[in-house]
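Shown next: data_6.txt, given as compact mmCIF, C-alpha atoms.
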```
# COMPACT_ATOMS: atom_id res chain seq x y z
CA MET A 1 207.13 74.13 175.13
CA ALA A 2 205.49 73.09 171.87
CA ALA A 3 202.35 71.98 173.70
CA ASN A 4 201.90 75.45 175.26
CA LYS A 5 202.30 77.09 171.84
CA GLY A 6 199.54 74.93 170.40
CA ARG A 7 197.17 75.86 173.21
CA SER A 8 197.71 79.58 172.71
CA VAL A 9 196.94 79.21 169.01
CA TRP A 10 193.63 77.56 169.88
CA TRP A 11 192.79 80.41 172.25
CA VAL A 12 193.50 82.95 169.54
CA LEU A 13 191.34 81.08 167.07
CA LEU A 14 188.54 80.78 169.61
CA LEU A 15 188.63 84.54 170.31
CA LEU A 16 188.58 85.33 166.58
CA ALA A 17 185.59 83.04 166.09
CA LEU A 18 183.72 84.65 168.99
CA GLY A 19 184.44 88.13 167.62
CA GLY A 20 183.19 87.15 164.17
CA ALA A 21 180.06 85.64 165.67
CA ALA A 22 179.39 88.84 167.62
CA VAL A 23 179.66 90.92 164.43
CA TRP A 24 177.38 88.51 162.57
CA VAL A 25 174.73 88.70 165.34
CA ALA A 26 174.96 92.49 165.43
CA ARG A 27 174.33 92.65 161.69
CA LEU A 28 171.34 90.34 161.99
CA LEU A 29 169.76 92.40 164.74
CA ARG A 30 169.87 95.64 162.78
CA ASP A 31 166.59 96.48 161.06
CA ASP A 32 168.02 98.42 158.15
CA ASP A 33 170.20 97.32 155.26
CA ALA A 34 172.98 99.83 155.93
CA TRP A 35 175.53 97.02 156.28
CA THR A 36 174.84 95.38 152.95
CA ALA A 37 175.60 96.61 149.49
CA PRO A 38 175.29 94.84 146.18
CA VAL A 39 178.45 93.06 145.13
CA GLY A 40 180.78 95.30 143.15
CA GLU A 41 179.31 98.58 144.41
CA PRO A 42 180.97 100.71 147.10
CA TRP A 43 179.33 100.79 150.50
CA GLU A 44 177.55 104.00 151.48
CA PRO A 45 175.73 104.64 154.73
CA ALA A 46 171.95 104.69 154.61
CA PRO A 47 170.51 108.21 154.40
CA SER A 48 169.20 109.57 157.68
CA PRO A 49 165.45 109.99 157.87
CA GLY A 50 165.81 113.70 158.75
CA PRO A 51 163.73 115.64 161.22
CA SER A 52 160.29 114.34 161.96
CA PRO A 53 157.46 116.46 160.62
CA GLU A 54 155.61 118.62 163.11
CA PRO A 55 152.25 117.16 164.13
CA LYS A 56 149.27 119.11 162.88
CA VAL A 57 147.20 120.75 165.56
CA GLU A 58 143.58 121.28 164.81
CA ALA A 59 142.30 124.73 165.65
CA GLY A 60 139.78 124.67 168.47
CA PRO A 61 137.61 127.38 169.88
CA GLU A 62 139.36 130.61 170.79
CA PRO A 63 140.15 130.91 174.51
CA ASP A 64 138.43 133.63 176.47
CA PRO A 65 140.50 136.80 176.57
CA VAL A 66 142.09 137.65 179.92
CA PRO A 67 140.27 140.57 181.48
CA ALA A 68 142.33 143.68 182.13
CA PRO A 69 143.10 144.35 185.80
CA ALA A 70 140.82 146.81 187.49
CA PRO A 71 142.35 150.25 188.05
CA GLU A 72 143.61 150.78 191.57
CA PRO A 73 141.56 153.15 193.65
CA THR A 74 143.18 156.52 194.05
CA SER A 75 143.75 157.93 197.49
CA ASP A 76 144.33 161.42 198.82
CA ARG A 77 147.66 160.40 200.33
CA PRO A 78 150.82 161.13 198.34
CA PRO A 79 152.97 158.12 197.41
CA ALA A 80 155.58 157.00 199.91
CA PRO A 81 158.96 158.67 199.39
CA VAL A 82 161.62 156.52 197.77
CA PRO A 83 165.05 156.67 199.42
CA SER A 84 167.73 158.10 197.16
CA THR A 85 170.30 155.50 198.27
CA PRO A 86 169.80 151.76 197.92
CA THR A 87 170.17 151.21 201.68
CA ALA A 88 169.10 153.44 204.49
CA VAL A 89 172.08 155.10 206.17
CA ARG A 90 172.08 154.88 209.94
CA PRO A 91 174.90 156.91 211.50
CA ASP A 92 174.71 155.01 214.81
CA VAL A 93 175.41 151.62 213.17
CA PRO A 94 178.93 151.14 211.73
CA ASP A 95 179.38 149.54 208.33
CA ASP A 96 180.75 146.00 208.09
CA LEU A 97 184.37 146.96 207.41
CA THR A 98 185.40 143.29 207.17
CA ARG A 99 183.97 143.31 203.62
CA ILE A 100 187.11 145.23 202.64
CA ASP A 101 189.79 142.80 201.47
CA GLY A 102 192.48 142.49 204.14
CA VAL A 103 190.35 143.89 206.97
CA GLY A 104 189.55 141.29 209.59
CA PRO A 105 187.72 141.62 212.89
CA LYS A 106 190.72 143.07 214.79
CA ILE A 107 191.55 145.65 212.12
CA SER A 108 187.86 146.55 211.87
CA GLU A 109 187.77 147.18 215.64
CA ALA A 110 190.91 149.35 215.34
CA LEU A 111 189.36 151.44 212.54
CA ILE A 112 186.10 151.87 214.46
CA ALA A 113 188.05 152.89 217.59
CA ALA A 114 189.80 155.54 215.45
CA GLY A 115 186.42 156.93 214.36
CA LEU A 116 186.42 155.33 210.88
CA THR A 117 183.06 153.57 211.19
CA THR A 118 181.69 153.83 207.66
CA TYR A 119 182.89 153.05 204.17
CA ALA A 120 182.75 156.76 203.39
CA ALA A 121 185.06 157.55 206.31
CA VAL A 122 187.56 154.88 205.23
CA ALA A 123 187.39 156.12 201.62
CA ALA A 124 188.11 159.69 202.75
CA ALA A 125 190.99 158.68 205.05
CA SER A 126 194.57 158.88 203.84
CA GLU A 127 197.03 156.02 204.11
CA ASP A 128 198.72 157.78 207.01
CA ASP A 129 195.40 158.03 208.86
CA LEU A 130 194.77 154.33 208.34
CA ARG A 131 198.30 153.42 209.50
CA ALA A 132 197.86 155.65 212.57
CA ALA A 133 194.62 153.83 213.44
CA LEU A 134 196.41 150.49 213.18
CA SER A 135 199.42 151.58 215.23
CA ALA A 136 197.12 152.96 217.96
CA ALA A 137 195.71 149.43 218.28
CA LYS A 138 199.26 147.98 218.24
CA LEU A 139 198.70 146.30 214.85
CA ARG A 140 201.56 146.48 212.35
CA PHE A 141 200.96 144.22 209.36
CA ALA A 142 198.37 145.18 206.72
CA PRO A 143 199.66 144.42 203.20
CA THR A 144 196.46 145.51 201.41
CA LEU A 145 196.16 148.84 203.27
CA PRO A 146 196.89 150.97 200.15
CA THR A 147 193.74 149.55 198.46
CA TRP A 148 191.31 150.04 201.36
CA SER A 149 190.20 153.54 200.34
CA GLU A 150 189.36 152.43 196.81
CA GLN A 151 187.57 149.31 198.03
CA ALA A 152 185.56 151.39 200.52
CA ARG A 153 184.52 153.76 197.70
CA ASN A 154 183.27 150.75 195.73
CA LEU A 155 181.28 149.44 198.68
```

Please rewrite the model in this file as structure tokens.
Amino acid sequence: MAANKGRSVWWVLLLLALGGAAVWVARLLRDDDAWTAPVGEPWEPAPSPGPSPEPKVEAGPEPDPVPAPAPEPTSDRPPAPVPSTPTAVRPDVPDDLTRIDGVGPKISEALIAAGLTTYAAVAAASEDDLRAALSAAKLRFAPTLPTWSEQARNL
């Protein structure tokens, strides 16, 4: 038992010596004197050098100015009309009703079959109309149905 205790002491001493040597090497490799202070004076870190000064750029010749674009030729045709809505409305193509939260493909088909093909039609429909469209398609569960009109108005 005593022999094992002596070995562990040697290991501890060896580790302490290696740690001290590592600190000594680290201090030697530093190029500033931030680690040393005169004896009797408190240690203070070395002041940082601060931001590097901006390099001076010598003024060269002025660049050529960019020429102004040539005016566009005028034509006798009036400008193309701009649509008042962001997307063109096509009555023959139904809106993608699955963008409404809680409306999947089957519910969308049921609403289209009931004549509610656009967001505007869904927004104008009452809850009873929406429930009637679902029951006609033999669908019963739609927990978000009360919010469909508001969501359709936002779309």

Q: Using only C-alpha atoms, give me every residue within 12 Å of (193.7, 151.9, 199.6) in file coordinates, as number ranges by chain.
A: A: 100-103, 119, 122-131, 142-154

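As for atom CA of Ala113 of chain A and atom CA of Ala133 of chain A, they are spaced 7.8 Å apart.
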
Put a box with edges along x, y and z around all the listed atoms of segment 129-144 of chain A, pad it by 3 Å on each side, then give me its centre and sizes in Å, one decimal, as JSON.
```
{"center_x": 198.1, "center_y": 151.1, "center_z": 209.8, "size_x": 12.9, "size_y": 19.8, "size_z": 22.9}
```

**Q.** Test item: residues at most 9 Å from Leu111 of chain A, only C-alpha atoms, excluding those fewer than 2 positions along its chain, as a ChimeraX atom specification
**A.** /A:97,106-109,113-117,122,130,133-134,137

Could you take the residues named above and write them with C-alpha atoms, as a PDB file, in the frame of the given file?
```pdb
ATOM      1  CA  LEU A  97     184.370 146.960 207.410  1.00  0.00           C
ATOM      2  CA  LYS A 106     190.720 143.070 214.790  1.00  0.00           C
ATOM      3  CA  ILE A 107     191.550 145.650 212.120  1.00  0.00           C
ATOM      4  CA  SER A 108     187.860 146.550 211.870  1.00  0.00           C
ATOM      5  CA  GLU A 109     187.770 147.180 215.640  1.00  0.00           C
ATOM      6  CA  ALA A 113     188.050 152.890 217.590  1.00  0.00           C
ATOM      7  CA  ALA A 114     189.800 155.540 215.450  1.00  0.00           C
ATOM      8  CA  GLY A 115     186.420 156.930 214.360  1.00  0.00           C
ATOM      9  CA  LEU A 116     186.420 155.330 210.880  1.00  0.00           C
ATOM     10  CA  THR A 117     183.060 153.570 211.190  1.00  0.00           C
ATOM     11  CA  VAL A 122     187.560 154.880 205.230  1.00  0.00           C
ATOM     12  CA  LEU A 130     194.770 154.330 208.340  1.00  0.00           C
ATOM     13  CA  ALA A 133     194.620 153.830 213.440  1.00  0.00           C
ATOM     14  CA  LEU A 134     196.410 150.490 213.180  1.00  0.00           C
ATOM     15  CA  ALA A 137     195.710 149.430 218.280  1.00  0.00           C
TER      16      ALA A 137
END
```

Q: Determine the nearest neighbour of Ala110 of chain A from the options A:Leu155, A:Ala136, A:Val93, A:Ala21, counting all atoms listed in the file.
A: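 Smallest separation from Ala110 of chain A among the options: A:Ala136.
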
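One finds atom CA of Asp95 of chain A at 4.9 Å from atom CA of Thr118 of chain A.
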
Q) To one decimal place, how far is atom CA of Leu29 of chain A from atom CA of Trp11 of chain A in Å? A)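 The value is 27.0 Å.
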